[in-house]
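Text of the file start_39.txt, holding compact mmCIF, C-alpha atoms (C1' of nucleotides):
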```txt
# COMPACT_ATOMS: atom_id res chain seq x y z
CA MET C 16 -5.62 -27.38 -42.16
CA SER C 17 -3.49 -27.04 -45.28
CA LEU C 18 -2.37 -23.47 -44.61
CA LYS C 19 0.06 -24.78 -42.03
CA TYR C 20 1.68 -27.08 -44.57
CA ALA C 21 1.57 -24.48 -47.34
CA LEU C 22 3.59 -22.21 -45.03
CA LEU C 23 6.05 -24.97 -44.10
CA GLY C 24 6.43 -25.87 -47.78
CA PHE C 25 7.03 -22.25 -48.69
CA LEU C 26 9.80 -22.03 -46.09
CA THR C 27 11.58 -25.08 -47.53
CA THR C 28 12.58 -22.87 -50.47
CA GLU C 29 13.95 -20.04 -48.34
CA PRO C 30 13.37 -18.26 -45.03
CA ALA C 31 10.84 -15.43 -45.33
CA SER C 32 8.91 -12.83 -43.37
CA GLY C 33 5.16 -12.97 -42.84
CA TYR C 34 4.75 -9.99 -45.11
CA GLN C 35 6.74 -11.61 -47.90
CA ILE C 36 4.69 -14.80 -47.60
CA ALA C 37 1.45 -12.83 -47.59
CA GLN C 38 2.55 -11.11 -50.83
CA GLU C 39 3.13 -14.41 -52.58
CA PHE C 40 0.02 -16.10 -51.17
CA GLY C 41 -1.98 -13.28 -52.66
CA ASP C 42 0.04 -13.44 -55.88
CA SER C 43 1.87 -16.35 -57.55
CA MET C 44 1.39 -18.82 -54.69
CA GLY C 45 -2.19 -17.68 -54.46
CA TRP C 46 -2.86 -19.54 -57.71
CA PHE C 47 -2.74 -22.70 -55.59
CA TRP C 48 -3.48 -21.57 -52.05
CA TYR C 49 -4.67 -18.12 -51.16
CA ALA C 50 -4.30 -16.71 -47.64
CA SER C 51 -4.50 -13.22 -46.18
CA HIS C 52 -1.84 -11.67 -43.95
CA SER C 53 -4.22 -11.70 -40.97
CA GLN C 54 -4.36 -15.45 -41.25
CA ILE C 55 -0.68 -15.94 -42.02
CA HIS C 56 0.79 -13.99 -39.10
CA PRO C 57 -0.99 -15.87 -36.29
CA GLU C 58 -0.38 -19.20 -38.02
CA LEU C 59 3.37 -18.49 -38.17
CA GLN C 60 3.28 -17.65 -34.46
CA ARG C 61 1.58 -20.98 -33.73
CA LEU C 62 4.16 -22.84 -35.83
CA ALA C 63 6.95 -21.06 -33.93
CA ALA C 64 5.34 -21.96 -30.59
CA ARG C 65 5.31 -25.61 -31.69
CA GLY C 66 8.96 -25.46 -32.75
CA LEU C 67 8.23 -26.16 -36.42
CA VAL C 68 9.74 -22.83 -37.43
CA THR C 69 12.11 -20.37 -35.78
CA SER C 70 11.98 -16.61 -36.15
CA GLU C 71 14.57 -13.88 -35.96
CA VAL C 72 14.26 -10.15 -36.21
CA SER C 73 16.48 -9.12 -39.09
CA ASP C 74 18.42 -5.90 -38.66
CA THR C 75 19.70 -5.72 -42.22
CA ASP C 76 16.72 -3.77 -43.52
CA GLY C 77 16.51 -1.49 -40.48
CA ARG C 78 12.80 -2.20 -40.28
CA GLY C 79 12.77 -4.99 -37.74
CA THR C 80 11.30 -7.55 -40.12
CA ARG C 81 10.70 -10.93 -38.48
CA VAL C 82 12.12 -13.70 -40.66
CA TYR C 83 10.89 -17.30 -40.27
CA SER C 84 12.91 -20.44 -41.05
CA ILE C 85 11.73 -24.03 -41.04
CA THR C 86 13.25 -26.41 -38.45
CA PRO C 87 14.04 -30.13 -38.90
CA ALA C 88 10.90 -30.87 -36.86
CA GLY C 89 8.93 -28.72 -39.28
CA GLU C 90 10.40 -30.53 -42.27
CA ALA C 91 9.54 -33.88 -40.73
CA GLU C 92 5.92 -32.85 -40.14
CA LEU C 93 5.70 -31.45 -43.67
CA LYS C 94 6.99 -34.69 -45.20
CA GLU C 95 4.50 -36.71 -43.20
CA TRP C 96 1.66 -34.58 -44.53
CA LEU C 97 3.01 -34.67 -48.09
CA ALA C 98 2.99 -38.47 -48.04
CA ALA C 99 -0.47 -38.76 -46.45
CA GLU C 100 -3.64 -39.16 -48.53
CA THR C 101 -5.21 -35.93 -49.72
CA GLU C 102 -8.54 -35.17 -48.11
CA TYR C 103 -10.58 -33.60 -50.86
CA PRO C 104 -12.93 -30.95 -49.52
CA PRO C 105 -16.63 -31.37 -50.37
CA VAL C 106 -17.82 -29.65 -53.53
CA ARG C 107 -19.14 -26.12 -53.06
CA ASP C 108 -19.54 -24.39 -56.37
CA PRO C 109 -21.16 -20.96 -56.16
CA GLU C 110 -21.57 -20.64 -59.94
CA ARG C 111 -23.09 -24.06 -60.64
CA ILE C 112 -25.54 -23.88 -57.73
CA ARG C 113 -26.68 -20.56 -59.14
CA LEU C 114 -27.08 -21.99 -62.61
CA ILE C 115 -29.35 -24.76 -61.37
CA PHE C 116 -31.85 -22.23 -60.04
CA ALA C 117 -31.24 -19.69 -62.81
CA ASP C 118 -34.44 -20.79 -64.58
CA MET C 119 -36.06 -18.12 -62.40
CA LEU C 120 -34.08 -15.46 -64.31
CA GLU C 121 -34.40 -13.93 -67.76
CA PRO C 122 -32.09 -15.50 -70.41
CA ALA C 123 -30.25 -12.15 -70.55
CA ASP C 124 -29.26 -12.49 -66.87
CA ILE C 125 -28.13 -16.07 -67.44
CA ARG C 126 -26.03 -14.85 -70.35
CA ALA C 127 -24.38 -12.28 -68.10
CA HIS C 128 -23.40 -15.05 -65.66
CA LEU C 129 -21.94 -17.28 -68.34
CA GLU C 130 -19.96 -14.38 -69.76
CA GLN C 131 -18.69 -13.54 -66.30
CA HIS C 132 -17.72 -17.17 -65.83
CA ARG C 133 -15.73 -17.18 -69.07
CA LYS C 134 -14.07 -13.89 -68.17
CA HIS C 135 -13.17 -15.12 -64.70
CA HIS C 136 -11.47 -18.23 -66.01
CA GLU C 137 -9.78 -16.32 -68.83
CA ALA C 138 -8.18 -14.10 -66.21
CA LEU C 139 -7.03 -17.15 -64.26
CA LEU C 140 -5.72 -18.72 -67.47
CA ASP C 141 -3.68 -15.60 -68.26
CA GLY C 142 -2.09 -15.79 -64.83
CA TYR C 143 -1.30 -19.50 -65.15
CA LEU C 144 0.16 -19.11 -68.64
CA ALA C 145 2.31 -16.15 -67.62
CA GLN C 146 3.73 -18.15 -64.73
CA LEU C 147 4.15 -21.25 -66.88
CA ARG C 148 6.15 -19.28 -69.45
CA GLU C 149 8.45 -17.98 -66.73
CA VAL C 150 8.92 -21.45 -65.30
CA LEU C 151 9.71 -22.95 -68.73
CA ARG C 152 12.15 -20.13 -69.49
CA GLY C 153 13.81 -20.67 -66.14
CA THR C 154 13.18 -17.11 -65.06
CA PHE C 155 10.66 -17.78 -62.30
CA PRO C 156 12.43 -16.47 -59.16
CA ARG C 157 11.08 -18.88 -56.55
CA LEU C 158 11.77 -21.92 -58.71
CA ARG C 159 15.36 -20.72 -59.31
CA LYS C 160 15.85 -20.42 -55.56
CA ARG C 161 14.39 -23.86 -54.96
CA LEU C 162 16.60 -25.43 -57.62
CA ALA C 163 19.69 -23.68 -56.27
CA ALA C 164 19.23 -25.41 -52.91
CA ARG C 165 18.91 -28.92 -54.42
CA PRO C 166 21.20 -31.45 -56.11
CA ARG C 167 21.31 -31.27 -59.91
CA GLN C 168 19.80 -34.71 -60.49
CA SER C 169 16.56 -33.62 -58.78
CA HIS C 170 16.13 -30.49 -60.92
CA GLN C 171 13.99 -32.28 -63.52
CA LEU C 172 11.65 -33.47 -60.81
CA VAL C 173 11.40 -30.11 -58.98
CA ALA C 174 10.75 -28.10 -62.14
CA GLY C 175 8.56 -30.81 -63.66
CA LEU C 176 6.20 -30.87 -60.70
CA LYS C 177 5.79 -27.11 -60.85
CA VAL C 178 5.03 -27.32 -64.58
CA LEU C 179 2.61 -30.16 -63.92
CA ALA C 180 0.68 -28.21 -61.29
CA LEU C 181 0.43 -25.17 -63.54
CA GLN C 182 -0.53 -27.29 -66.53
CA GLY C 183 -3.35 -28.81 -64.47
CA ASN C 184 -4.67 -25.37 -63.68
CA VAL C 185 -4.34 -24.34 -67.34
CA ASP C 186 -6.34 -27.41 -68.41
CA ARG C 187 -9.00 -26.71 -65.82
CA ALA C 188 -9.35 -23.06 -66.84
CA ARG C 189 -9.55 -24.01 -70.52
CA SER C 190 -12.22 -26.58 -69.77
CA GLU C 191 -14.29 -23.97 -67.93
CA ILE C 192 -13.90 -21.47 -70.77
CA ALA C 193 -14.90 -24.02 -73.41
CA TRP C 194 -17.87 -25.03 -71.32
CA ALA C 195 -19.03 -21.42 -70.90
CA GLU C 196 -18.76 -20.89 -74.66
CA ASP C 197 -20.83 -23.98 -75.41
CA ALA C 198 -23.35 -22.85 -72.83
CA LEU C 199 -23.63 -19.44 -74.49
CA LEU C 200 -24.32 -21.11 -77.87
CA TRP C 201 -27.01 -23.23 -76.29
CA LEU C 202 -28.53 -20.13 -74.70
CA ASN C 203 -28.67 -18.48 -78.14
CA SER C 204 -30.77 -21.34 -79.43
CA ILE C 205 -33.09 -21.13 -76.43
CA GLU C 206 -33.58 -17.42 -76.98
CA ALA C 207 -34.18 -17.90 -80.70
CA ALA C 208 -36.83 -20.54 -79.92
CA GLU C 209 -38.43 -18.16 -77.42
CA ARG C 210 -38.61 -15.36 -79.98
CA ALA C 211 -40.02 -17.71 -82.61
CA ASP C 212 -42.66 -18.79 -80.10
CA GLY C 213 -43.85 -15.21 -80.25
CA CYS C 214 -43.87 -13.11 -77.10
CA MET J 15 -23.08 -17.18 -47.74
CA SER J 16 -24.37 -19.42 -50.49
CA LEU J 17 -25.89 -22.08 -48.23
CA LYS J 18 -28.76 -19.73 -47.51
CA TYR J 19 -29.52 -19.39 -51.22
CA ALA J 20 -28.94 -23.05 -51.93
CA LEU J 21 -31.65 -23.79 -49.33
CA LEU J 22 -34.02 -21.18 -50.74
CA GLY J 23 -33.42 -22.54 -54.23
CA PHE J 24 -34.08 -26.07 -53.09
CA LEU J 25 -37.40 -25.00 -51.59
CA THR J 26 -38.53 -23.42 -54.88
CA THR J 27 -38.94 -26.95 -56.21
CA GLU J 28 -40.99 -28.21 -53.28
CA PRO J 29 -41.38 -27.78 -49.51
CA ALA J 30 -39.10 -30.09 -47.55
CA SER J 31 -37.91 -31.00 -44.08
CA GLY J 32 -34.40 -30.30 -42.82
CA TYR J 33 -33.71 -34.00 -42.87
CA GLN J 34 -34.80 -34.38 -46.47
CA ILE J 35 -32.64 -31.41 -47.51
CA ALA J 36 -29.67 -32.81 -45.61
CA GLN J 37 -30.06 -36.10 -47.48
CA GLU J 38 -29.96 -34.41 -50.86
CA PHE J 39 -27.18 -31.98 -49.92
CA GLY J 40 -25.06 -34.99 -49.06
CA ASP J 41 -26.24 -36.81 -52.17
CA SER J 42 -27.42 -35.51 -55.56
CA MET J 43 -27.44 -31.82 -54.59
CA GLY J 44 -24.11 -32.37 -52.89
CA TRP J 45 -22.51 -32.58 -56.33
CA PHE J 46 -22.90 -28.81 -56.42
CA TRP J 47 -23.14 -27.70 -52.81
CA TYR J 48 -22.47 -29.97 -49.88
CA ALA J 49 -23.81 -29.21 -46.40
CA SER J 50 -24.23 -31.25 -43.24
CA HIS J 51 -27.46 -31.48 -41.24
CA SER J 52 -25.88 -29.64 -38.33
CA GLN J 53 -25.39 -26.65 -40.59
CA ILE J 54 -28.73 -26.96 -42.38
CA HIS J 55 -31.02 -27.04 -39.34
CA PRO J 56 -29.80 -23.80 -37.73
CA GLU J 57 -29.74 -22.06 -41.11
CA LEU J 58 -33.38 -23.01 -41.76
CA GLN J 59 -34.26 -21.62 -38.33
CA ARG J 60 -32.54 -18.33 -39.20
CA LEU J 61 -34.37 -18.17 -42.53
CA ALA J 62 -37.67 -18.79 -40.71
CA ALA J 63 -36.86 -16.06 -38.17
CA ARG J 64 -36.30 -13.63 -41.06
CA GLY J 65 -39.58 -14.65 -42.72
CA LEU J 66 -37.92 -16.06 -45.85
CA VAL J 67 -39.38 -19.49 -45.15
CA THR J 68 -42.28 -20.77 -43.07
CA SER J 69 -42.36 -24.07 -41.23
CA GLU J 70 -45.14 -26.40 -40.21
CA VAL J 71 -45.07 -29.61 -38.23
CA SER J 72 -46.60 -32.22 -40.49
CA ASP J 73 -48.85 -34.78 -38.85
CA THR J 74 -49.23 -36.99 -41.90
CA ASP J 75 -46.18 -39.12 -41.06
CA GLY J 76 -46.91 -39.24 -37.33
CA ARG J 77 -43.32 -38.28 -36.65
CA GLY J 78 -43.70 -34.57 -36.20
CA THR J 79 -41.46 -33.70 -39.13
CA ARG J 80 -41.00 -29.96 -39.59
CA VAL J 81 -41.61 -29.00 -43.22
CA TYR J 82 -40.24 -25.74 -44.60
CA SER J 83 -41.73 -23.73 -47.47
CA ILE J 84 -40.34 -20.65 -49.18
CA THR J 85 -42.27 -17.37 -48.84
CA PRO J 86 -42.64 -14.62 -51.46
CA ALA J 87 -40.04 -12.64 -49.49
CA GLY J 88 -37.71 -15.62 -49.71
CA GLU J 89 -38.25 -15.91 -53.45
CA ALA J 90 -37.54 -12.22 -53.89
CA GLU J 91 -34.27 -12.46 -51.98
CA LEU J 92 -33.29 -15.57 -53.92
CA LYS J 93 -33.92 -13.86 -57.26
CA GLU J 94 -31.86 -10.88 -56.18
CA TRP J 95 -28.94 -13.17 -55.37
CA LEU J 96 -29.37 -15.17 -58.58
CA ALA J 97 -29.08 -12.00 -60.66
CA ALA J 98 -26.09 -10.62 -58.70
CA GLU J 99 -22.49 -11.20 -59.79
CA THR J 100 -20.95 -14.43 -58.56
CA GLU J 101 -18.18 -13.90 -56.03
CA TYR J 102 -15.65 -16.57 -56.83
CA PRO J 103 -13.90 -17.84 -53.72
CA PRO J 104 -10.09 -17.69 -53.74
CA VAL J 105 -8.30 -20.79 -55.00
CA ARG J 106 -7.40 -23.32 -52.32
CA ASP J 107 -6.34 -26.58 -53.89
CA PRO J 108 -5.07 -29.18 -51.41
CA GLU J 109 -3.78 -31.51 -54.13
CA ARG J 110 -1.89 -28.96 -56.23
CA ILE J 111 -0.24 -27.31 -53.24
CA ARG J 112 0.96 -30.75 -52.21
CA LEU J 113 2.31 -31.47 -55.66
CA ILE J 114 4.41 -28.31 -55.68
CA PHE J 115 6.30 -29.47 -52.61
CA ALA J 116 6.21 -33.16 -53.51
CA ASP J 117 9.80 -33.01 -54.75
CA MET J 118 10.65 -33.86 -51.14
CA LEU J 119 8.97 -37.27 -51.64
CA GLU J 120 10.03 -40.44 -53.46
CA PRO J 121 8.54 -40.80 -56.98
CA ALA J 122 6.55 -43.79 -55.68
CA ASP J 123 4.72 -41.52 -53.20
CA ILE J 124 4.06 -38.96 -55.93
CA ARG J 125 2.65 -41.77 -58.07
CA ALA J 126 0.28 -42.76 -55.26
CA HIS J 127 -1.04 -39.20 -55.10
CA LEU J 128 -1.60 -38.95 -58.83
CA GLU J 129 -3.41 -42.27 -58.83
CA GLN J 130 -5.54 -41.16 -55.91
CA HIS J 131 -6.33 -37.96 -57.80
CA ARG J 132 -7.44 -39.90 -60.87
CA LYS J 133 -9.54 -42.24 -58.73
CA HIS J 134 -11.16 -39.37 -56.87
CA HIS J 135 -12.24 -37.65 -60.06
CA GLU J 136 -13.33 -40.92 -61.65
CA ALA J 137 -15.68 -41.43 -58.71
CA LEU J 138 -17.03 -37.90 -59.14
CA LEU J 139 -17.40 -38.49 -62.89
CA ASP J 140 -19.42 -41.66 -62.28
CA GLY J 141 -21.79 -39.71 -60.05
CA TYR J 142 -22.18 -36.89 -62.56
CA LEU J 143 -22.77 -39.26 -65.47
CA ALA J 144 -25.33 -41.32 -63.55
CA GLN J 145 -27.25 -38.16 -62.70
CA LEU J 146 -26.88 -36.82 -66.24
CA ARG J 147 -28.36 -40.03 -67.68
CA GLU J 148 -31.34 -39.76 -65.35
CA VAL J 149 -31.87 -36.12 -66.26
CA LEU J 150 -31.69 -36.85 -70.00
CA ARG J 151 -34.09 -39.80 -69.65
CA GLY J 152 -36.47 -37.61 -67.68
CA THR J 153 -36.38 -39.92 -64.68
CA PHE J 154 -34.57 -37.62 -62.26
CA PRO J 155 -37.14 -37.08 -59.47
CA ARG J 156 -36.29 -33.54 -58.43
CA LEU J 157 -36.20 -32.30 -62.01
CA ARG J 158 -39.60 -33.89 -62.69
CA LYS J 159 -41.04 -32.08 -59.68
CA ARG J 160 -39.49 -28.79 -60.75
CA LEU J 161 -40.85 -29.15 -64.28
CA ALA J 162 -44.31 -30.07 -63.00
CA ALA J 163 -44.55 -26.73 -61.19
CA ARG J 164 -43.61 -24.64 -64.26
CA PRO J 165 -45.21 -23.67 -67.58
CA ARG J 166 -44.43 -25.95 -70.51
CA GLN J 167 -42.54 -23.31 -72.54
CA SER J 168 -39.93 -23.03 -69.78
CA HIS J 169 -39.24 -26.78 -69.61
CA GLN J 170 -36.39 -26.61 -72.13
CA LEU J 171 -34.69 -23.92 -70.08
CA VAL J 172 -35.15 -25.65 -66.70
CA ALA J 173 -33.90 -29.03 -67.91
CA GLY J 174 -31.23 -27.47 -70.10
CA LEU J 175 -29.66 -25.59 -67.21
CA LYS J 176 -29.50 -28.73 -65.14
CA VAL J 177 -27.83 -30.60 -68.02
CA LEU J 178 -25.45 -27.69 -68.50
CA ALA J 179 -24.37 -27.70 -64.85
CA LEU J 180 -23.81 -31.45 -64.88
CA GLN J 181 -21.98 -31.27 -68.21
CA GLY J 182 -19.66 -28.66 -66.72
CA ASN J 183 -18.82 -30.97 -63.86
CA VAL J 184 -18.33 -33.89 -66.27
CA ASP J 185 -15.90 -31.79 -68.34
CA ARG J 186 -14.02 -30.72 -65.25
CA ALA J 187 -13.70 -34.28 -63.92
CA ARG J 188 -12.53 -35.54 -67.34
CA SER J 189 -9.95 -32.79 -67.52
CA GLU J 190 -8.59 -33.76 -64.08
CA ILE J 191 -8.46 -37.45 -65.05
CA ALA J 192 -6.68 -36.73 -68.33
CA TRP J 193 -4.22 -34.51 -66.49
CA ALA J 194 -3.48 -37.17 -63.87
CA GLU J 195 -2.87 -39.72 -66.63
CA ASP J 196 -0.45 -37.43 -68.45
CA ALA J 197 1.27 -36.75 -65.16
CA LEU J 198 1.69 -40.48 -64.50
CA LEU J 199 3.29 -40.93 -67.93
CA TRP J 200 5.68 -38.07 -67.22
CA LEU J 201 6.52 -39.65 -63.85
CA ASN J 202 7.38 -42.91 -65.62
CA SER J 203 9.94 -41.10 -67.75
CA ILE J 204 11.44 -39.43 -64.67
CA GLU J 205 11.74 -42.78 -62.90
CA ALA J 206 13.29 -44.39 -66.00
CA ALA J 207 15.85 -41.58 -66.18
CA GLU J 208 16.61 -42.01 -62.49
CA ARG J 209 17.21 -45.75 -62.92
CA ALA J 210 19.39 -45.14 -65.99
CA ASP J 211 21.41 -42.64 -63.92
CA GLY J 212 22.33 -45.59 -61.77
CA CYS J 213 21.35 -45.65 -58.13
C1' DG T 29 2.75 16.62 -45.91
C1' DA T 30 0.05 13.40 -48.42
C1' DA T 31 -0.05 9.13 -50.42
C1' DC T 32 1.78 4.84 -50.78
C1' DC T 33 4.43 0.74 -49.67
C1' DC T 34 6.59 -2.06 -45.92
C1' DA T 35 5.52 -4.69 -41.85
C1' DT T 36 2.94 -6.80 -37.97
C1' DG T 37 -0.59 -7.44 -35.41
C1' DT T 38 -5.66 -7.92 -32.92
C1' DA T 39 -10.80 -8.39 -32.67
C1' DA T 40 -15.21 -9.53 -34.08
C1' DG T 41 -17.83 -12.09 -36.85
C1' DT T 42 -19.11 -15.90 -40.28
C1' DT T 43 -18.84 -20.37 -42.04
C1' DG T 44 -18.15 -24.98 -41.60
C1' DT T 45 -16.72 -29.49 -38.96
C1' DT T 46 -16.98 -32.94 -35.45
C1' DA T 47 -18.88 -34.69 -31.71
C1' DC T 48 -22.50 -35.15 -28.52
C1' DA T 49 -27.46 -35.82 -27.43
C1' DT T 50 -32.14 -37.38 -27.91
C1' DG T 51 -36.11 -39.89 -29.31
C1' DA T 52 -39.42 -42.18 -32.58
C1' DT T 53 -40.22 -45.82 -36.09
C1' DT T 54 -39.20 -49.83 -38.96
C1' DG T 55 -37.52 -54.28 -40.18
C1' DA T 56 -34.78 -58.53 -39.24
C1' DT Q 17 -34.59 -56.75 -29.13
C1' DC Q 18 -31.09 -55.00 -31.88
C1' DA Q 19 -29.76 -52.30 -35.61
C1' DA Q 20 -30.81 -49.12 -38.99
C1' DT Q 21 -33.23 -45.23 -40.57
C1' DC Q 22 -35.91 -41.08 -39.66
C1' DA Q 23 -35.69 -36.64 -37.48
C1' DT Q 24 -33.95 -32.52 -34.95
C1' DG Q 25 -31.09 -30.27 -32.41
C1' DT Q 26 -26.70 -28.11 -29.50
C1' DA Q 27 -21.75 -27.22 -28.32
C1' DA Q 28 -17.05 -26.76 -29.10
C1' DC Q 29 -13.86 -25.95 -32.18
C1' DA Q 30 -11.29 -24.78 -36.57
C1' DA Q 31 -10.80 -21.95 -40.61
C1' DC Q 32 -11.39 -17.85 -42.81
C1' DT Q 33 -12.95 -12.81 -43.60
C1' DT Q 34 -13.28 -8.04 -42.68
C1' DA Q 35 -12.22 -4.36 -40.27
C1' DC Q 36 -9.46 -1.89 -37.15
C1' DA Q 37 -4.92 -0.38 -35.43
C1' DT Q 38 -0.17 1.04 -35.52
C1' DG Q 39 4.21 2.78 -37.08
C1' DG Q 40 8.41 3.30 -40.12
C1' DG Q 41 10.16 4.47 -44.73
C1' DT Q 42 9.83 6.40 -49.51
C1' DT Q 43 8.39 9.31 -53.11
C1' DC Q 44 6.01 13.10 -55.21
```
So, in terms of structure tokens, how does the structure I just supplied come out?
Amino acid sequence: MSLKYALLGFLTTEPASGYQIAQEFGDSMGWFWYASHSQIHPELQRLAARGLVTSEVSDTDGRGTRVYSITPAGEAELKEWLAAETEYPPVRDPERIRLIFADMLEPADIRAHLEQHRKHHEALLDGYLAQLREVLRGTFPRLRKRLAARPRQSHQLVAGLKVLALQGNVDRARSEIAWAEDALLWLNSIEAAERADGC
Amino acid sequence: MSLKYALLGFLTTEPASGYQIAQEFGDSMGWFWYASHSQIHPELQRLAARGLVTSEVSDTDGRGTRVYSITPAGEAELKEWLAAETEYPPVRDPERIRLIFADMLEPADIRAHLEQHRKHHEALLDGYLAQLREVLRGTFPRLRKRLAARPRQSHQLVAGLKVLALQGNVDRARSEIAWAEDALLWLNSIEAAERADGC
DNA sequence: GAACCCATGTAAGTTGTTACATGATTGA
DNA sequence: TCAATCATGTAACAACTTACATGGGTTC
């Protein structure tokens, strides 16, 4: 049930509409926690019903956008969750489980999977690095907003944590890419041995 | 829908009961794909209804254990899935999302999370390394069974893929541990700066 | 006026968790 | 005989996905 807290956390930076949140949870925020709009809207309604957020229909854009703000009760519940121990979900890795049974495939098909794996994590890495650059340059919009609402002596901590999280994802992506490349080299040697064996 | 294929894959090594599968999916197999018995039993029933597995009540143990075996249709569907492109699930990282909002916590609470993170991945690493040692020594039971059922010239591939998958998990765990350690060092410097600031 | 973005929602279905329920066998 | 392990299941619920549905505003 982390979506709830991801939403509350998001709203501690600034009030936002469901649409706006959905955009970011499919974009920059989605690098940490993805959610679709059809999950976000009902969850915001539940949070409002529990008094953890309030909502107002804004007239400024003439479109009747519903803007959510976090309440003190919401902040309290968020802090409680932040301090609590993380419950790590069980491992479910669709690529590794495939690899284990991939001995039923031709080496060429295994190669395709490893190349896809590298490509997938290269795309993630590009996203992480782009965001990391913006954060380090101080041009990342959501971080600027978050810093603006906080005392100067906490700025190092706020920005540092964001960098840390991104750096962790960068490391992870690089580790997956390096692994896939090693795996491809190993596969070459297997294929060479197979050809030498004469088939 | 990978559980289905994880079960079919499991049964390509040897026929097994739901209980046996549940043990391994919470244990060695669980390092790649965890599932509980209450999910496994109904799924096996569905697979049996679709003719992808057959089941027989074994009398040998006097306990009426239901043993499932994969059918040619099941193997065909498994191979199809193995060759298909992996659909990577969206990122949902309960620790990183916490970290991003952790600027609302005291540094001591952040420290506790980073230490928990390191500990969590150290525990995973221990499991991966233990299994890797067994695989490399040739004493890992399920790998022995899988090799026994396959032609000698494929042994390198079968064992190699298993090593590869484990090595990937080892790399990932090490990357998380190294990251957590760097993060703890950074947190030290933040705390030192805070104390120097005088509070 | 067609296509696209803004904006919010519901409904049906799948996947996974937690708890409940049962009964046989084994070992201390 | 008590506890643990073996063995299979169901029910209720929570989380998430996909598809459907609607309507205003903007741009070509």
Checklist entry - DG41 of chain T: which residues within 12 Å, counting all atoms listed in the file, same-chain residues fewer than 3 positions away excluded, as JSON, numbers by chain? => result {"Q": [32, 33, 34, 35]}
Next on the checklist: I want to know what sits within 12 Å of Pro109 of chain C, based on only C-alpha atoms (C1' of nucleotides), with residues of the same chain fewer than 4 positions away left out; could you give that as a ChimeraX atom specification?
Outcome noted: /C:113-116,128,132 /J:15-20,45-48,95-96,98-104,179
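Closest approach to chain C from the set T:DT43, T:DG37, T:DA49, T:DT54 is made by T:DG37, with distances taken over all atoms listed in the file.
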Checklist entry - Hey, can you check how far atom CA of Arg166 of chain J sits from atom CA of Leu120 of chain C? => result 16.0 Å
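A straight line drawn from atom CA of Thr85 of chain J to atom CA of Val67 of chain J is 5.1 Å long.
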Rebuild segment 19-30 of chain C to N, CA and C atoms - output it as an mmCIF file, in the frame of the given file, please.
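Dumped everything to out_23.cif:
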```cif
data_model
loop_
_atom_site.group_PDB
_atom_site.id
_atom_site.type_symbol
_atom_site.label_atom_id
_atom_site.label_comp_id
_atom_site.auth_asym_id
_atom_site.auth_seq_id
_atom_site.Cartn_x
_atom_site.Cartn_y
_atom_site.Cartn_z
ATOM 1 N N LYS C 19 -1.133 -24.417 -42.800
ATOM 2 C CA LYS C 19 0.060 -24.780 -42.030
ATOM 3 C C LYS C 19 1.126 -25.406 -42.918
ATOM 4 N N TYR C 20 0.729 -26.351 -43.741
ATOM 5 C CA TYR C 20 1.680 -27.080 -44.570
ATOM 6 C C TYR C 20 2.107 -26.236 -45.779
ATOM 7 N N ALA C 21 1.198 -25.389 -46.255
ATOM 8 C CA ALA C 21 1.570 -24.480 -47.340
ATOM 9 C C ALA C 21 2.677 -23.542 -46.857
ATOM 10 N N LEU C 22 2.567 -23.096 -45.609
ATOM 11 C CA LEU C 22 3.590 -22.210 -45.030
ATOM 12 C C LEU C 22 4.909 -22.964 -44.862
ATOM 13 N N LEU C 23 4.836 -24.161 -44.293
ATOM 14 C CA LEU C 23 6.050 -24.970 -44.100
ATOM 15 C C LEU C 23 6.702 -25.239 -45.460
ATOM 16 N N GLY C 24 5.903 -25.592 -46.436
ATOM 17 C CA GLY C 24 6.430 -25.870 -47.780
ATOM 18 C C GLY C 24 7.101 -24.640 -48.360
ATOM 19 N N PHE C 25 6.463 -23.512 -48.196
ATOM 20 C CA PHE C 25 7.030 -22.250 -48.690
ATOM 21 C C PHE C 25 8.417 -22.023 -48.098
ATOM 22 N N LEU C 26 8.536 -22.290 -46.795
ATOM 23 C CA LEU C 26 9.800 -22.030 -46.090
ATOM 24 C C LEU C 26 10.891 -23.039 -46.433
ATOM 25 N N THR C 27 10.530 -24.146 -47.112
ATOM 26 C CA THR C 27 11.580 -25.080 -47.530
ATOM 27 C C THR C 27 12.381 -24.518 -48.711
ATOM 28 N N THR C 28 11.827 -23.501 -49.387
ATOM 29 C CA THR C 28 12.580 -22.870 -50.470
ATOM 30 C C THR C 28 13.575 -21.850 -49.908
ATOM 31 N N GLU C 29 13.079 -21.015 -49.002
ATOM 32 C CA GLU C 29 13.950 -20.040 -48.340
ATOM 33 C C GLU C 29 13.231 -19.432 -47.149
ATOM 34 N N PRO C 30 13.977 -18.960 -46.147
ATOM 35 C CA PRO C 30 13.370 -18.260 -45.030
ATOM 36 C C PRO C 30 12.673 -17.000 -45.530
#
```
